[in-house]
$ cat work16.cif   # mmCIF, C-alpha atoms
data_my_file
loop_
_atom_site.label_atom_id
_atom_site.label_comp_id
_atom_site.auth_asym_id
_atom_site.auth_seq_id
_atom_site.Cartn_x
_atom_site.Cartn_y
_atom_site.Cartn_z
CA MET V 10 -124.21 -70.53 52.05
CA ASN V 11 -126.34 -67.84 53.72
CA TYR V 12 -125.01 -64.66 52.13
CA ASN V 13 -126.96 -62.43 54.50
CA LYS V 14 -124.77 -63.35 57.46
CA LEU V 15 -121.00 -63.60 57.75
CA ASN V 16 -119.55 -66.66 59.46
CA SER V 17 -116.19 -68.35 59.89
CA TYR V 18 -116.65 -70.33 56.69
CA SER V 19 -117.29 -67.10 54.77
CA PHE V 20 -114.05 -65.59 56.06
CA GLN V 21 -112.12 -68.73 55.17
CA MET V 22 -113.47 -68.57 51.62
CA ILE V 23 -112.52 -64.88 51.30
CA ILE V 24 -109.02 -65.53 52.65
CA ALA V 25 -108.62 -68.40 50.17
CA LEU V 26 -109.77 -66.07 47.39
CA ASN V 27 -107.24 -63.43 48.42
CA ASP V 28 -104.44 -66.01 48.56
CA HIS V 29 -105.25 -67.05 45.00
CA LEU V 30 -105.43 -63.45 43.75
CA LYS V 31 -101.92 -62.85 45.12
CA THR V 32 -100.60 -65.52 42.77
CA LEU V 33 -101.90 -63.71 39.67
CA HIS V 34 -99.43 -61.44 37.92
CA GLU V 35 -101.62 -58.87 36.18
CA LEU V 36 -104.40 -56.59 37.40
CA ASP V 37 -106.59 -57.72 34.50
CA ASP V 38 -106.18 -61.35 35.59
CA ILE V 39 -107.27 -60.46 39.12
CA PHE V 40 -110.46 -58.79 37.94
CA ALA V 41 -111.20 -61.49 35.38
CA TYR V 42 -111.09 -64.05 38.20
CA LEU V 43 -113.15 -61.78 40.47
CA SER V 44 -115.76 -61.36 37.75
CA SER V 45 -116.18 -65.13 37.50
CA TYR V 46 -116.19 -65.48 41.30
CA LEU V 47 -118.86 -62.81 41.88
CA ASN V 48 -121.07 -64.24 39.15
CA LYS V 49 -120.77 -67.83 40.34
CA ASP V 50 -121.07 -67.26 44.09
CA PHE V 51 -123.30 -64.20 44.31
CA GLY V 52 -125.05 -63.92 40.95
CA ILE V 53 -123.46 -60.51 40.30
CA SER V 54 -122.58 -60.35 36.62
CA ARG V 55 -121.85 -56.69 35.83
CA PHE V 56 -119.47 -54.32 37.58
CA LYS V 57 -116.77 -51.69 37.12
CA ALA V 58 -113.81 -50.78 39.30
CA ALA V 59 -111.93 -47.49 39.52
CA ILE V 60 -109.25 -45.92 41.67
CA ASN V 61 -109.61 -42.16 42.08
CA ASN V 62 -112.01 -42.06 39.11
CA ARG V 63 -109.50 -43.87 36.88
CA ASN V 64 -111.15 -46.98 35.44
CA ILE V 65 -109.12 -50.11 36.04
CA TYR V 66 -111.67 -52.76 35.06
CA SER V 67 -115.08 -53.16 33.44
CA ASN V 68 -117.02 -56.16 32.16
CA ILE V 69 -119.84 -54.03 30.77
CA ASP V 70 -119.73 -52.10 27.49
CA SER V 71 -122.46 -49.57 28.22
CA CYS V 72 -124.12 -48.78 31.52
CA ASN V 73 -126.70 -46.28 30.26
CA ASP V 74 -129.64 -48.67 30.55
CA PHE V 75 -128.75 -50.01 34.00
CA LYS V 76 -129.25 -48.91 37.56
CA SER V 77 -126.26 -49.10 39.88
CA LYS V 78 -125.04 -49.44 43.44
CA ASN V 79 -121.63 -48.16 44.53
CA LEU V 80 -119.13 -49.50 47.01
CA PHE V 81 -116.22 -47.38 48.28
CA ILE V 82 -113.08 -48.81 49.90
CA LYS V 83 -110.37 -46.54 51.34
CA LEU V 84 -106.94 -47.74 50.20
CA ASP V 85 -104.74 -45.12 51.86
CA GLU V 86 -104.82 -41.40 52.65
CA ASN V 87 -105.01 -40.43 48.98
CA ASP V 88 -106.46 -43.35 47.06
CA GLU V 89 -109.92 -44.90 47.07
CA LEU V 90 -111.32 -47.94 45.29
CA GLU V 91 -114.79 -47.53 43.84
CA VAL V 92 -116.71 -50.61 42.71
CA THR V 93 -119.97 -50.05 40.83
CA PHE V 94 -122.44 -52.94 40.47
CA TYR V 95 -125.05 -52.73 37.70
CA PHE V 96 -128.47 -54.34 37.64
CA GLU V 97 -131.39 -54.40 35.25
CA SER V 98 -134.12 -56.37 36.96
CA GLY V 99 -135.55 -56.47 40.46
CA LEU V 100 -134.11 -59.95 40.89
CA GLU V 101 -130.60 -58.70 40.10
CA GLN V 102 -131.07 -55.83 42.53
CA ASP V 103 -132.18 -58.25 45.25
CA LYS V 104 -129.02 -60.32 44.74
CA ILE V 105 -126.83 -57.24 45.12
CA GLU V 106 -128.73 -56.01 48.18
CA SER V 107 -128.84 -59.40 49.90
CA THR V 108 -125.11 -60.02 49.43
CA SER V 109 -123.92 -56.47 50.14
CA GLU V 110 -122.39 -57.30 53.54
CA ILE V 111 -120.27 -60.23 52.40
CA VAL V 112 -119.33 -58.51 49.13
CA ARG V 113 -118.17 -55.42 51.06
CA THR V 114 -116.16 -57.62 53.41
CA THR V 115 -114.68 -59.45 50.41
CA PHE V 116 -113.49 -56.24 48.79
CA ASN V 117 -112.22 -54.91 52.11
CA LEU V 118 -110.04 -57.99 52.56
CA ILE V 119 -108.78 -58.20 48.97
CA SER V 120 -108.41 -54.43 48.43
CA GLN V 121 -104.74 -54.37 49.44
CA THR V 122 -103.95 -57.12 46.93
CA ILE V 123 -105.73 -55.11 44.23
CA TYR V 124 -103.94 -51.94 45.30
CA ASN V 125 -100.51 -53.58 45.28
CA LYS V 126 -101.05 -54.89 41.74
CA TYR V 127 -102.35 -51.48 40.69
CA LEU V 128 -99.24 -49.72 42.03
CA THR V 129 -97.01 -52.28 40.34
CA SER V 130 -98.77 -51.72 37.02
CA GLN V 131 -98.43 -47.96 37.46
CA LEU V 132 -94.69 -48.24 38.07
CA LYS V 133 -94.31 -50.50 35.06
CA GLU V 134 -96.28 -48.06 32.92
CA LEU V 135 -94.12 -45.15 34.09
CA SER V 136 -90.94 -47.05 33.18
CA LEU V 137 -92.27 -47.48 29.64
CA LYS V 138 -93.43 -43.87 29.21
CA ASP V 139 -91.53 -40.71 28.36
CA THR V 140 -91.96 -38.39 31.33
CA LEU V 141 -92.08 -35.19 29.26
CA THR V 142 -94.57 -36.09 26.52
CA GLY V 143 -96.42 -39.03 28.07
CA LEU V 144 -95.68 -41.09 24.96
CA TYR V 145 -94.15 -44.55 24.98
CA ASN V 146 -90.35 -44.68 25.10
CA ARG V 147 -87.69 -46.75 23.33
CA GLN V 148 -87.83 -49.47 25.99
CA TYR V 149 -91.54 -49.97 25.33
CA VAL V 150 -91.00 -50.12 21.56
CA ASP V 151 -88.30 -52.77 21.96
CA GLU V 152 -90.59 -54.93 24.11
CA TYR V 153 -93.60 -54.32 21.89
CA LEU V 154 -91.81 -55.34 18.69
CA LYS V 155 -90.81 -58.69 20.23
CA THR V 156 -94.44 -59.82 20.01
CA MET V 157 -95.79 -57.57 17.24
CA LEU V 158 -93.29 -58.47 14.51
CA PRO V 159 -93.75 -62.27 14.70
CA LEU V 160 -97.54 -61.81 14.78
CA SER V 161 -97.51 -59.51 11.74
CA SER V 162 -95.23 -61.95 9.94
CA ARG V 163 -97.56 -64.91 10.60
CA GLU V 164 -100.58 -62.91 9.46
CA LYS V 165 -98.63 -61.57 6.45
CA LYS V 166 -99.44 -57.97 7.34
CA LYS V 167 -97.33 -54.95 6.47
CA VAL V 168 -96.29 -52.45 9.12
CA ALA V 169 -94.95 -48.97 8.42
CA PHE V 170 -92.37 -47.29 10.64
CA LEU V 171 -92.18 -43.50 10.43
CA LYS V 172 -89.15 -41.88 12.05
CA ILE V 173 -90.00 -38.25 12.77
CA GLY V 174 -87.39 -35.56 13.42
CA ILE V 175 -87.76 -31.84 14.17
CA ASP V 176 -85.97 -29.61 11.69
CA HIS V 177 -83.14 -27.60 13.28
CA PHE V 178 -84.33 -28.34 16.82
CA LYS V 179 -81.03 -27.23 18.35
CA ALA V 180 -81.69 -23.72 17.02
CA VAL V 181 -84.76 -23.55 19.27
CA ILE V 182 -82.60 -24.21 22.32
CA ASP V 183 -79.93 -21.76 21.20
CA GLU V 184 -82.36 -18.95 20.38
CA PHE V 185 -84.81 -19.48 23.25
CA ASP V 186 -84.26 -22.05 26.04
CA TYR V 187 -84.89 -25.64 27.06
CA ASN V 188 -88.40 -24.84 28.30
CA THR V 189 -89.34 -23.67 24.81
CA GLY V 190 -87.79 -26.82 23.40
CA ASP V 191 -89.95 -28.87 25.75
CA LYS V 192 -93.05 -27.02 24.55
CA VAL V 193 -92.18 -27.90 20.95
CA LEU V 194 -91.72 -31.57 21.86
CA LYS V 195 -95.05 -31.68 23.72
CA GLU V 196 -96.87 -30.00 20.85
CA LEU V 197 -95.39 -32.47 18.37
CA ALA V 198 -96.40 -35.39 20.59
CA LEU V 199 -100.01 -34.18 20.61
CA SER V 200 -99.96 -33.53 16.87
CA LEU V 201 -98.63 -37.01 16.12
CA LYS V 202 -101.31 -38.72 18.23
CA ASP V 203 -104.02 -36.63 16.58
CA SER V 204 -102.71 -37.54 13.11
CA VAL V 205 -102.90 -41.34 13.39
CA ARG V 206 -105.36 -44.01 14.45
CA THR V 207 -105.77 -44.86 18.12
CA SER V 208 -104.54 -48.39 17.31
CA ASP V 209 -101.21 -47.03 16.01
CA ILE V 210 -98.22 -46.48 18.29
CA VAL V 211 -96.46 -43.16 18.85
CA ALA V 212 -93.19 -43.11 20.83
CA ARG V 213 -90.44 -40.66 21.66
CA ILE V 214 -87.23 -42.59 21.17
CA GLU V 215 -84.57 -39.87 21.25
CA SER V 216 -84.32 -36.24 22.36
CA ASP V 217 -86.04 -34.73 19.31
CA GLU V 218 -86.97 -37.86 17.35
CA PHE V 219 -90.16 -39.89 17.42
CA LEU V 220 -91.35 -43.17 15.95
CA VAL V 221 -94.83 -43.82 14.59
CA ILE V 222 -95.86 -47.43 14.03
CA LEU V 223 -98.70 -47.89 11.56
CA HIS V 224 -100.31 -51.33 11.83
CA ASN V 225 -101.76 -53.35 8.98
CA ILE V 226 -100.85 -50.80 6.33
CA ASN V 227 -101.91 -51.79 2.80
CA SER V 228 -98.99 -50.28 0.89
CA GLU V 229 -96.12 -47.83 1.11
CA ASP V 230 -98.35 -45.30 -0.68
CA ASN V 231 -100.66 -45.32 2.34
CA ALA V 232 -97.67 -44.82 4.64
CA ILE V 233 -96.53 -41.88 2.51
CA LYS V 234 -99.99 -40.29 2.74
CA VAL V 235 -99.94 -40.57 6.54
CA ALA V 236 -96.42 -39.10 6.67
CA GLU V 237 -97.57 -36.19 4.49
CA LYS V 238 -100.53 -35.63 6.81
CA ILE V 239 -98.25 -35.69 9.88
CA ILE V 240 -95.85 -33.17 8.33
CA GLU V 241 -98.63 -30.85 7.21
CA ASN V 242 -100.50 -30.98 10.53
CA PHE V 243 -97.45 -29.99 12.57
CA LYS V 244 -96.49 -27.25 10.13
CA ASN V 245 -99.64 -25.40 11.16
CA LYS V 246 -99.07 -25.73 14.91
CA LYS V 247 -98.17 -22.63 16.91
CA VAL V 248 -96.09 -22.98 20.07
CA ILE V 249 -96.54 -20.11 22.52
CA VAL V 250 -93.10 -18.83 23.52
CA ASN V 251 -94.18 -15.84 25.60
CA ILE V 252 -97.71 -15.51 26.97
CA ASP V 253 -97.31 -11.82 27.82
CA THR V 254 -96.23 -10.79 24.31
CA ASN V 255 -98.19 -13.57 22.58
CA GLN V 256 -95.00 -14.58 20.77
CA THR V 257 -95.37 -17.89 18.94
CA LEU V 258 -93.02 -20.30 17.25
CA MET V 259 -93.76 -22.55 14.29
CA LYS V 260 -91.51 -25.51 13.48
CA THR V 261 -91.35 -28.16 10.78
CA ILE V 262 -90.54 -31.86 10.76
CA CYS V 263 -89.17 -34.49 8.38
CA ALA V 264 -90.16 -38.15 8.14
CA GLY V 265 -88.26 -41.28 7.18
CA ILE V 266 -90.33 -44.32 6.19
CA SER V 267 -89.39 -47.98 6.49
CA MET V 268 -91.70 -50.91 5.73
CA PHE V 269 -91.89 -54.28 7.47
CA PRO V 270 -91.10 -56.81 6.12
CA ASP V 271 -90.07 -55.31 2.75
CA ASP V 272 -87.27 -53.05 4.05
CA ALA V 273 -86.51 -54.65 7.42
CA SER V 274 -87.55 -57.77 9.30
CA LYS V 275 -85.74 -57.32 12.63
CA THR V 276 -85.88 -54.58 15.27
CA GLU V 277 -82.33 -53.34 14.70
CA GLU V 278 -82.93 -53.31 10.92
CA ILE V 279 -86.12 -51.30 11.39
CA PHE V 280 -84.36 -48.64 13.45
CA ARG V 281 -81.42 -48.46 11.08
CA SER V 282 -83.51 -48.23 7.91
CA SER V 283 -85.83 -45.59 9.38
CA ASP V 284 -82.77 -43.66 10.63
CA ILE V 285 -81.31 -43.68 7.13
CA ALA V 286 -84.63 -42.62 5.61
CA LEU V 287 -84.91 -39.68 8.04
CA TYR V 288 -81.31 -38.71 7.27
CA GLU V 289 -82.13 -38.63 3.56
CA ALA V 290 -85.32 -36.65 4.17
CA ARG V 291 -83.43 -34.00 6.14
CA ASN V 292 -80.88 -33.72 3.36
CA LYS V 293 -83.69 -32.65 1.05
CA GLY V 294 -84.69 -29.71 3.28
CA ARG V 295 -87.53 -28.83 5.64
CA SER V 296 -90.88 -30.64 5.76
CA GLN V 297 -89.59 -33.52 3.63
CA LEU V 298 -90.14 -37.26 3.66
CA PHE V 299 -88.15 -40.14 2.27
CA LYS V 300 -89.09 -43.77 1.75
CA PHE V 301 -86.19 -46.12 2.50
CA LYS V 302 -84.79 -47.88 -0.56
CA LYS V 303 -82.01 -50.39 -0.18
CA GLU V 304 -80.58 -49.84 -3.61
CA GLU V 305 -80.26 -46.07 -3.04
CA THR V 306 -79.04 -46.06 0.56
CA ASN V 307 -76.78 -49.07 0.89
CA THR V 308 -73.65 -46.90 0.93
CA ILE V 309 -74.76 -44.53 3.68
CA ASP V 310 -72.95 -44.76 6.98
CA LEU V 311 -74.61 -42.91 9.83
CA PHE V 312 -71.86 -43.53 12.36
#

$ encode --input "work16.cif" --output "structure tokens"
Amino acid sequence: MNYNKLNSYSFQMIIALNDHLKTLHELDDIFAYLSSYLNKDFGISRFKAAINNRNIYSNIDSCNDFKSKNLFIKLDENDELEVTFYFESGLEQDKIESTSEIVRTTFNLISQTIYNKYLTSQLKELSLKDTLTGLYNRQYVDEYLKTMLPLSSREKKKVAFLKIGIDHFKAVIDEFDYNTGDKVLKELALSLKDSVRTSDIVARIESDEFLVILHNINSEDNAIKVAEKIIENFKNKKVIVNIDTNQTLMKTICAGISMFPDDASKTEEIFRSSDIALYEARNKGRSQLFKFKKEETNTIDLF
């Protein structure tokens, strides 16, 4: 094919490509196929894609040592697709330059398919996120555990579940207002994320309660150390109540710990055991933690 000139065959190939992309369910699948297509048909092997400066795909780890050429596609009044092609040698640059017309036409024709999948993924992400804190919600945790628990079981890996609750949170609402309560929740969300690894999961599952999932934890002692770190980190946080008077509020949290598979092997068991552990921690006072123990908690009824 002569890539320097568009013809009817070129358009037919692009339309066929777009029809195939429409059958793919995930945005990652679309770009994985596109990556293979661009490499095979045009010799373009490295590129990134972003919408409004938000990266949505990349098949290159570092672009510091490469030169680049950008392509911009208007999606609607507010959104724009930016595709950046990277090259190292003169030969790679020639391939990008010589195929620029057909590549631009390709992305123009498939851009709506990309955009539709992007919007779908955004809606799905929003449905799995807590709107106040930006953390994952209970629905996400339920879906996540369906795949994570069997995998951890097969690999014989322990997972720690830390149920986090704010001490006397209702008093914040009573003494101040709901806006102040929201500030406390946001500050705790940030503190929790800063206290664990990026691979761990932090979710808000109830009004003032959070769940931290620690993957591949070696022992309950390690989980206890993380819980202690979480409690101590938040104890030092100051929430600004009134900017004008510089009034601040400091709150404390408790943590209940449950281990998979030692304490619980199913989702409902995990939530119940971590609930019980948090209940016991709160009974001990402020800034406390409690590790779930079946023999000590089998008579507790939370409902």

$ atom_distance --input "work16.cif" --atom1 "CA of Ser67 (chain V)" --atom2 "CA of Phe94 (chain V)"
10.2 Å

$ resolve_selection --input "work16.cif" --expression "the PyMOL selection byres ((chain V and resi 44-60) around 9)" --output "PDB file with C-alpha atoms, in the coordinates of the input"
ATOM      1  CA  TYR V  12    -125.010 -64.660  52.130  1.00  0.00           C
ATOM      2  CA  LEU V  26    -109.770 -66.070  47.390  1.00  0.00           C
ATOM      3  CA  ILE V  39    -107.270 -60.460  39.120  1.00  0.00           C
ATOM      4  CA  PHE V  40    -110.460 -58.790  37.940  1.00  0.00           C
ATOM      5  CA  ALA V  41    -111.200 -61.490  35.380  1.00  0.00           C
ATOM      6  CA  TYR V  42    -111.090 -64.050  38.200  1.00  0.00           C
ATOM      7  CA  LEU V  43    -113.150 -61.780  40.470  1.00  0.00           C
ATOM      8  CA  ASN V  61    -109.610 -42.160  42.080  1.00  0.00           C
ATOM      9  CA  ASN V  62    -112.010 -42.060  39.110  1.00  0.00           C
ATOM     10  CA  ARG V  63    -109.500 -43.870  36.880  1.00  0.00           C
ATOM     11  CA  ASN V  64    -111.150 -46.980  35.440  1.00  0.00           C
ATOM     12  CA  ILE V  65    -109.120 -50.110  36.040  1.00  0.00           C
ATOM     13  CA  TYR V  66    -111.670 -52.760  35.060  1.00  0.00           C
ATOM     14  CA  SER V  67    -115.080 -53.160  33.440  1.00  0.00           C
ATOM     15  CA  ASN V  68    -117.020 -56.160  32.160  1.00  0.00           C
ATOM     16  CA  ILE V  69    -119.840 -54.030  30.770  1.00  0.00           C
ATOM     17  CA  SER V  77    -126.260 -49.100  39.880  1.00  0.00           C
ATOM     18  CA  ASP V  88    -106.460 -43.350  47.060  1.00  0.00           C
ATOM     19  CA  GLU V  89    -109.920 -44.900  47.070  1.00  0.00           C
ATOM     20  CA  LEU V  90    -111.320 -47.940  45.290  1.00  0.00           C
ATOM     21  CA  GLU V  91    -114.790 -47.530  43.840  1.00  0.00           C
ATOM     22  CA  VAL V  92    -116.710 -50.610  42.710  1.00  0.00           C
ATOM     23  CA  THR V  93    -119.970 -50.050  40.830  1.00  0.00           C
ATOM     24  CA  PHE V  94    -122.440 -52.940  40.470  1.00  0.00           C
ATOM     25  CA  TYR V  95    -125.050 -52.730  37.700  1.00  0.00           C
ATOM     26  CA  PHE V  96    -128.470 -54.340  37.640  1.00  0.00           C
ATOM     27  CA  GLU V 101    -130.600 -58.700  40.100  1.00  0.00           C
ATOM     28  CA  LYS V 104    -129.020 -60.320  44.740  1.00  0.00           C
ATOM     29  CA  ILE V 105    -126.830 -57.240  45.120  1.00  0.00           C
ATOM     30  CA  THR V 108    -125.110 -60.020  49.430  1.00  0.00           C
ATOM     31  CA  VAL V 112    -119.330 -58.510  49.130  1.00  0.00           C
ATOM     32  CA  TYR V 124    -103.940 -51.940  45.300  1.00  0.00           C
ATOM     33  CA  TYR V 127    -102.350 -51.480  40.690  1.00  0.00           C
TER      34      TYR V 127
END

$ closest_residue --input "work16.cif" --among "V:Phe269, V:Thr189, V:Gln131, V:Glu237" --to "Ile252 (chain V)" --atoms "all atoms listed in the file"
V:Thr189

$ resolve_selection --input "work16.cif" --expression "the PyMOL selection byres ((chain V and resi 265) around 6)" --output "list in words"
Leu171, Lys172, Ala264, Ile266, Ser283, Ala286, Leu287, Leu298 and Phe299 of chain V

$ atom_distance --input "work16.cif" --atom1 "CA of Leu118 (chain V)" --atom2 "CA of Ile82 (chain V)"
10.0 Å

$ residues_around --input "work16.cif" --residues "Leu197 (chain V)" --least-positions-apart "3" --cutoff "12 Å" --atoms "all atoms listed in the file" --output "MDAnalysis selection string"
chainID V and resid 141:144 173:176 178 190:194 200:204 211:213 217:221 239:248 259:263

$ atom_distance --input "work16.cif" --atom1 "CA of Met268 (chain V)" --atom2 "CA of Lys179 (chain V)"
28.9 Å

$ closest_residue --input "work16.cif" --among "V:Leu84, V:Phe301, V:Pro270, V:Thr254" --to "Glu289 (chain V)" --atoms "all atoms listed in the file"
V:Phe301

$ closest_residue --input "work16.cif" --among "V:Phe280, V:Ile249, V:His177, V:Ile24" --to "Asn292 (chain V)" --atoms "only C-alpha atoms"
V:His177
